[in-house]
Amino acid sequence: MIDRLRRLRGLLATALAFGSFGVGGVLLWWVIFPLLTLAVRNPSRRTALARAAVHHLFRAFIGWMRLLHLITYEVRGLARLQRRGLLVLANHPTLIDVVFLISLIDNADCVVKSTLAHNPFTCGAVRATGYICNNSGPELLQDCIDSVKNDGNLIIFPEGTRTRPGQPMKMQRGAAQIALRGGIDITPVFIQCQPLGLTKGAPWWRAAPVPLHFVLTVDDDIPVAPFLAAAGQETALAARHLTDHLIGHFSRVRGSDGSAGT
């Protein structure tokens, strides 16, 4: 009976948290961003303000989830994220990983589906924040490089989607290509969650019996020059080796269920 009540409380708190998040998103999309478009003529200034609005909304959402006893968290090495011009690569175990990262990083940029730029309900938000659309080809790589070179902090999940519990980590090579072609060192963030929740294939409303505890560890930057040197400046070969290195880096402390190991 007590366990059933605990799960019901968790379900209601989860619904309240995500419902509030939805209301905040509507305010951004339909009020804040249109006002910025009308009031701020300078595109760079408008983008900075739009990203700041998303940053504060996501920070409020994380705080709200903690207040509702849905999550607890700790961040190790946070000072490494308080810089400009970062290429932040992270593993992707849960639904709220990007929310966590944007809540911690100023002037965060990210790659979004190109269809969002043409959807009448989301195109205004994409334009306002200046987020990069994932059109295939060299233009995408160059847009990502330009974002970092212009002091943006680009967040990428090299896996491309959330990790499925119990399955080995797989990564696309696009993130490595960006780092190598741009000569940009990588700032890796390892995300752990215990007990594992909000995973791929699991309903968002399925509350854990206890609060999810997140540990975000910002490791030392990974320099990319040695990978190019070892590959004789051949980018494709260096990208393969760098991607293998990243898989090892993010897998080194993973348990068999995809959660934190020892």
# chains A, B, ... in the order shown; residues from 1 in each chain; ligands from 1
call {"tool": "residues_around", "arguments": {"residues": "segment 40-48 of chain A", "least_positions_apart": "3", "cutoff": "9 Å", "atoms": "only C-alpha atoms", "output": "PyMOL selection string"}}
result
chain A and resi 33+35-37+51-53+107+127-130
call {"tool": "write_last_selection", "arguments": {"atoms": "all heavy atoms", "output": "short mmCIF file (atom, residue, chain, number, x, y, z; two decimals), in the first residue's frame"}}
result
data_model
loop_
_atom_site.label_atom_id
_atom_site.label_comp_id
_atom_site.auth_asym_id
_atom_site.auth_seq_id
_atom_site.Cartn_x
_atom_site.Cartn_y
_atom_site.Cartn_z
N PHE A 33 9.55 34.69 -27.69
CA PHE A 33 10.26 34.75 -28.96
C PHE A 33 9.63 35.75 -29.94
O PHE A 33 10.35 36.53 -30.58
CB PHE A 33 10.33 33.37 -29.60
CG PHE A 33 11.24 32.42 -28.86
CD1 PHE A 33 11.05 31.05 -28.93
CD2 PHE A 33 12.30 32.88 -28.10
CE1 PHE A 33 11.89 30.17 -28.26
CE2 PHE A 33 13.14 32.02 -27.41
CZ PHE A 33 12.94 30.67 -27.50
N LEU A 35 8.01 38.46 -29.15
CA LEU A 35 8.34 39.79 -28.64
C LEU A 35 9.79 40.16 -28.95
O LEU A 35 10.09 41.31 -29.30
CB LEU A 35 8.09 39.83 -27.13
CG LEU A 35 6.63 39.89 -26.68
CD1 LEU A 35 6.54 39.85 -25.15
CD2 LEU A 35 5.95 41.16 -27.21
N LEU A 36 10.68 39.18 -28.82
CA LEU A 36 12.08 39.44 -29.16
C LEU A 36 12.23 39.80 -30.63
O LEU A 36 13.00 40.70 -30.99
CB LEU A 36 12.93 38.21 -28.84
CG LEU A 36 13.24 37.95 -27.37
CD1 LEU A 36 14.01 36.64 -27.22
CD2 LEU A 36 14.05 39.10 -26.78
N THR A 37 11.50 39.10 -31.48
CA THR A 37 11.57 39.37 -32.91
C THR A 37 11.12 40.80 -33.23
O THR A 37 11.70 41.48 -34.08
CB THR A 37 10.70 38.37 -33.68
OG1 THR A 37 11.17 37.04 -33.42
CG2 THR A 37 10.77 38.62 -35.18
N ARG A 51 18.49 32.45 -26.45
CA ARG A 51 19.19 31.33 -25.82
C ARG A 51 19.20 31.49 -24.30
O ARG A 51 19.10 30.49 -23.57
CB ARG A 51 20.62 31.23 -26.37
CG ARG A 51 20.67 30.77 -27.82
CD ARG A 51 22.10 30.65 -28.31
NE ARG A 51 22.14 30.23 -29.70
CZ ARG A 51 23.26 30.05 -30.39
NH1 ARG A 51 24.44 30.25 -29.81
NH2 ARG A 51 23.21 29.66 -31.65
N ALA A 52 19.33 32.72 -23.84
CA ALA A 52 19.30 32.95 -22.39
C ALA A 52 17.93 32.57 -21.82
O ALA A 52 17.84 32.01 -20.72
CB ALA A 52 19.62 34.41 -22.09
N ALA A 53 16.87 32.86 -22.57
CA ALA A 53 15.52 32.50 -22.11
C ALA A 53 15.37 30.99 -21.99
O ALA A 53 14.81 30.47 -21.01
CB ALA A 53 14.48 33.07 -23.07
N ASN A 107 24.84 30.48 -23.49
CA ASN A 107 24.95 30.60 -24.95
C ASN A 107 25.08 29.22 -25.60
O ASN A 107 25.90 29.00 -26.50
CB ASN A 107 26.15 31.47 -25.34
CG ASN A 107 26.09 31.93 -26.79
OD1 ASN A 107 25.02 32.11 -27.35
ND2 ASN A 107 27.25 32.10 -27.41
N ARG A 127 14.51 30.02 -35.47
CA ARG A 127 15.10 31.27 -35.96
C ARG A 127 15.60 32.12 -34.80
O ARG A 127 16.68 32.71 -34.86
CB ARG A 127 14.08 32.06 -36.78
CG ARG A 127 13.85 31.53 -38.18
CD ARG A 127 13.19 32.58 -39.06
NE ARG A 127 11.93 33.04 -38.49
CZ ARG A 127 10.75 32.52 -38.78
NH1 ARG A 127 10.66 31.52 -39.65
NH2 ARG A 127 9.63 32.99 -38.24
N ALA A 128 14.82 32.19 -33.74
CA ALA A 128 15.18 33.06 -32.62
C ALA A 128 16.46 32.59 -31.93
O ALA A 128 17.33 33.40 -31.60
CB ALA A 128 14.03 33.12 -31.61
N THR A 129 16.58 31.29 -31.70
CA THR A 129 17.74 30.76 -30.99
C THR A 129 18.95 30.55 -31.88
O THR A 129 20.07 30.41 -31.39
CB THR A 129 17.39 29.43 -30.32
OG1 THR A 129 16.91 28.52 -31.32
CG2 THR A 129 16.33 29.61 -29.24
N GLY A 130 18.73 30.51 -33.19
CA GLY A 130 19.84 30.26 -34.10
C GLY A 130 20.35 28.85 -34.04
O GLY A 130 21.49 28.57 -34.45
#
call {"tool": "select_by_dssp", "arguments": {"residues": "segment 61-137 of chain A", "states": "alpha helix (DSSP H)", "output": "list in words"}}
result
Phe61, Ile62, Gly63, Trp64, Met65, Arg66, Leu67, Asp97, Val98, Val99, Phe100, Leu101, Ile102, Ser103, Leu104, Cys123, Gly124, Ala125, Val126, Arg127, Ala128 and Thr129 of chain A
call {"tool": "write_last_selection", "arguments": {"atoms": "N, CA, C and O atoms", "output": "mmCIF file, in the first residue's frame"}}
result
data_model
loop_
_atom_site.group_PDB
_atom_site.id
_atom_site.type_symbol
_atom_site.label_atom_id
_atom_site.label_comp_id
_atom_site.auth_asym_id
_atom_site.auth_seq_id
_atom_site.Cartn_x
_atom_site.Cartn_y
_atom_site.Cartn_z
ATOM 1 N N PHE A 61 13.237 24.332 -14.753
ATOM 2 C CA PHE A 61 12.627 23.008 -14.836
ATOM 3 C C PHE A 61 13.409 21.988 -14.003
ATOM 4 O O PHE A 61 12.816 21.176 -13.269
ATOM 5 N N ILE A 62 14.740 22.039 -14.095
ATOM 6 C CA ILE A 62 15.561 21.125 -13.302
ATOM 7 C C ILE A 62 15.350 21.394 -11.810
ATOM 8 O O ILE A 62 15.212 20.462 -11.000
ATOM 9 N N GLY A 63 15.303 22.670 -11.421
ATOM 10 C CA GLY A 63 15.051 23.001 -10.023
ATOM 11 C C GLY A 63 13.676 22.554 -9.567
ATOM 12 O O GLY A 63 13.498 22.107 -8.421
ATOM 13 N N TRP A 64 12.697 22.652 -10.444
ATOM 14 C CA TRP A 64 11.326 22.242 -10.143
ATOM 15 C C TRP A 64 11.257 20.727 -9.942
ATOM 16 O O TRP A 64 10.604 20.230 -9.010
ATOM 17 N N MET A 65 11.970 19.977 -10.790
ATOM 18 C CA MET A 65 11.987 18.521 -10.632
ATOM 19 C C MET A 65 12.661 18.125 -9.311
ATOM 20 O O MET A 65 12.222 17.182 -8.647
ATOM 21 N N ARG A 66 13.693 18.861 -8.938
ATOM 22 C CA ARG A 66 14.345 18.559 -7.657
ATOM 23 C C ARG A 66 13.422 18.914 -6.495
ATOM 24 O O ARG A 66 13.345 18.169 -5.504
ATOM 25 N N LEU A 67 12.704 20.030 -6.593
ATOM 26 C CA LEU A 67 11.780 20.431 -5.545
ATOM 27 C C LEU A 67 10.660 19.411 -5.371
ATOM 28 O O LEU A 67 10.187 19.170 -4.245
ATOM 29 N N ASP A 97 18.664 14.835 -20.679
ATOM 30 C CA ASP A 97 20.092 15.164 -20.751
ATOM 31 C C ASP A 97 20.335 16.545 -21.363
ATOM 32 O O ASP A 97 21.127 17.338 -20.845
ATOM 33 N N VAL A 98 19.672 16.836 -22.477
ATOM 34 C CA VAL A 98 19.897 18.131 -23.118
ATOM 35 C C VAL A 98 19.372 19.261 -22.244
ATOM 36 O O VAL A 98 19.947 20.359 -22.215
ATOM 37 N N VAL A 99 18.300 19.012 -21.499
ATOM 38 C CA VAL A 99 17.775 20.024 -20.581
ATOM 39 C C VAL A 99 18.809 20.334 -19.502
ATOM 40 O O VAL A 99 19.076 21.498 -19.179
ATOM 41 N N PHE A 100 19.408 19.293 -18.960
ATOM 42 C CA PHE A 100 20.454 19.469 -17.953
ATOM 43 C C PHE A 100 21.596 20.313 -18.505
ATOM 44 O O PHE A 100 22.041 21.290 -17.883
ATOM 45 N N LEU A 101 22.092 19.944 -19.678
ATOM 46 C CA LEU A 101 23.267 20.617 -20.221
ATOM 47 C C LEU A 101 22.984 22.075 -20.563
ATOM 48 O O LEU A 101 23.784 22.969 -20.248
ATOM 49 N N ILE A 102 21.856 22.349 -21.198
ATOM 50 C CA ILE A 102 21.538 23.733 -21.539
ATOM 51 C C ILE A 102 21.300 24.558 -20.276
ATOM 52 O O ILE A 102 21.600 25.756 -20.236
ATOM 53 N N SER A 103 20.795 23.926 -19.214
ATOM 54 C CA SER A 103 20.590 24.657 -17.957
ATOM 55 C C SER A 103 21.912 25.053 -17.312
ATOM 56 O O SER A 103 21.964 25.986 -16.507
ATOM 57 N N LEU A 104 22.995 24.354 -17.666
ATOM 58 C CA LEU A 104 24.305 24.603 -17.056
ATOM 59 C C LEU A 104 25.211 25.473 -17.923
ATOM 60 O O LEU A 104 26.193 26.031 -17.427
ATOM 61 N N CYS A 123 9.164 27.039 -36.204
ATOM 62 C CA CYS A 123 10.154 27.764 -37.007
ATOM 63 C C CYS A 123 10.598 29.056 -36.321
ATOM 64 O O CYS A 123 11.769 29.448 -36.411
ATOM 65 N N GLY A 124 9.677 29.724 -35.604
ATOM 66 C CA GLY A 124 10.037 30.963 -34.916
ATOM 67 C C GLY A 124 11.067 30.727 -33.830
ATOM 68 O O GLY A 124 12.009 31.523 -33.652
ATOM 69 N N ALA A 125 10.922 29.617 -33.110
ATOM 70 C CA ALA A 125 11.871 29.302 -32.051
ATOM 71 C C ALA A 125 13.244 28.981 -32.618
ATOM 72 O O ALA A 125 14.275 29.410 -32.081
ATOM 73 N N VAL A 126 13.284 28.225 -33.718
ATOM 74 C CA VAL A 126 14.560 27.878 -34.340
ATOM 75 C C VAL A 126 15.262 29.125 -34.852
ATOM 76 O O VAL A 126 16.475 29.292 -34.677
ATOM 77 N N ARG A 127 14.508 30.019 -35.470
ATOM 78 C CA ARG A 127 15.103 31.274 -35.957
ATOM 79 C C ARG A 127 15.598 32.121 -34.802
ATOM 80 O O ARG A 127 16.684 32.711 -34.857
ATOM 81 N N ALA A 128 14.817 32.194 -33.742
ATOM 82 C CA ALA A 128 15.178 33.063 -32.616
ATOM 83 C C ALA A 128 16.456 32.594 -31.934
ATOM 84 O O ALA A 128 17.327 33.404 -31.596
ATOM 85 N N THR A 129 16.579 31.290 -31.704
ATOM 86 C CA THR A 129 17.741 30.764 -30.986
ATOM 87 C C THR A 129 18.952 30.550 -31.884
ATOM 88 O O THR A 129 20.072 30.412 -31.393
#
call {"tool": "select_by_dssp", "arguments": {"residues": "segment 121-203 of chain A", "states": "strand (DSSP E or B)", "output": "number ranges by chain"}}
result
A: 132-133, 153-156, 186-194
call {"tool": "write_last_selection", "arguments": {"atoms": "C-alpha atoms", "output": "mmCIF file, in the first residue's frame"}}
result
data_model
loop_
_atom_site.group_PDB
_atom_site.id
_atom_site.type_symbol
_atom_site.label_atom_id
_atom_site.label_comp_id
_atom_site.auth_asym_id
_atom_site.auth_seq_id
_atom_site.Cartn_x
_atom_site.Cartn_y
_atom_site.Cartn_z
ATOM 1 C CA ILE A 132 21.576 24.527 -36.296
ATOM 2 C CA CYS A 133 19.350 22.442 -38.568
ATOM 3 C CA ASN A 153 28.908 26.378 -26.898
ATOM 4 C CA LEU A 154 27.768 23.557 -29.134
ATOM 5 C CA ILE A 155 26.192 20.502 -27.465
ATOM 6 C CA ILE A 156 26.205 17.230 -29.396
ATOM 7 C CA ILE A 186 36.417 18.247 -27.119
ATOM 8 C CA THR A 187 34.856 18.930 -23.711
ATOM 9 C CA PRO A 188 33.371 15.561 -22.659
ATOM 10 C CA VAL A 189 30.500 15.326 -20.194
ATOM 11 C CA PHE A 190 29.683 11.920 -18.742
ATOM 12 C CA ILE A 191 26.073 11.612 -17.534
ATOM 13 C CA GLN A 192 25.100 8.925 -15.029
ATOM 14 C CA CYS A 193 21.664 8.201 -13.596
ATOM 15 C CA GLN A 194 20.785 5.900 -10.695
#
call {"tool": "closest_residue", "arguments": {"among": "A:Gly152, A:Leu68, A:Tyr131, A:Gly10", "to": "Ser114 of chain A", "atoms": "only C-alpha atoms"}}
result
A:Tyr131
call {"tool": "residues_around", "arguments": {"residues": "segment 215-227 of chain A", "least_positions_apart": "3", "cutoff": "8 Å", "atoms": "only C-alpha atoms", "output": "PyMOL selection string"}}
result
chain A and resi 73-78+80-81+179-180+183-193+230-231+238-239+241-242
call {"tool": "residues_around", "arguments": {"residues": "Ile145 of chain A", "least_positions_apart": "6", "cutoff": "8 Å", "atoms": "only C-alpha atoms", "output": "VMD selection string"}}
result
chain A and resid 178 to 179 181 to 182
call {"tool": "write_last_selection", "arguments": {"atoms": "C-alpha atoms", "output": "short mmCIF file (atom, residue, chain, number, x, y, z; two decimals), in the first residue's frame"}}
result
data_model
loop_
_atom_site.label_atom_id
_atom_site.label_comp_id
_atom_site.auth_asym_id
_atom_site.auth_seq_id
_atom_site.Cartn_x
_atom_site.Cartn_y
_atom_site.Cartn_z
CA ILE A 178 33.50 18.62 -36.53
CA ALA A 179 36.25 18.54 -33.94
CA ARG A 181 38.00 19.76 -39.31
CA GLY A 182 37.60 22.73 -36.97
#
call {"tool": "closest_residue", "arguments": {"among": "A:Pro195, A:Gly232, A:Pro209, A:Gly248", "to": "Arg6 of chain A", "atoms": "only C-alpha atoms"}}
result
A:Pro209
call {"tool": "closest_residue", "arguments": {"among": "A:Ala39, A:Leu70, A:Asn150, A:Ala60", "to": "Arg206 of chain A", "atoms": "only C-alpha atoms"}}
result
A:Leu70
call {"tool": "closest_residue", "arguments": {"among": "A:Pro158, A:Pro211, A:Gly166, A:Pro203", "to": "Ala90 of chain A", "atoms": "only C-alpha atoms"}}
result
A:Pro158
call {"tool": "closest_residue", "arguments": {"among": "A:Asp146, A:Glu139, A:Asp151, A:Glu159", "to": "Phe250 of chain A", "atoms": "only C-alpha atoms"}}
result
A:Glu159
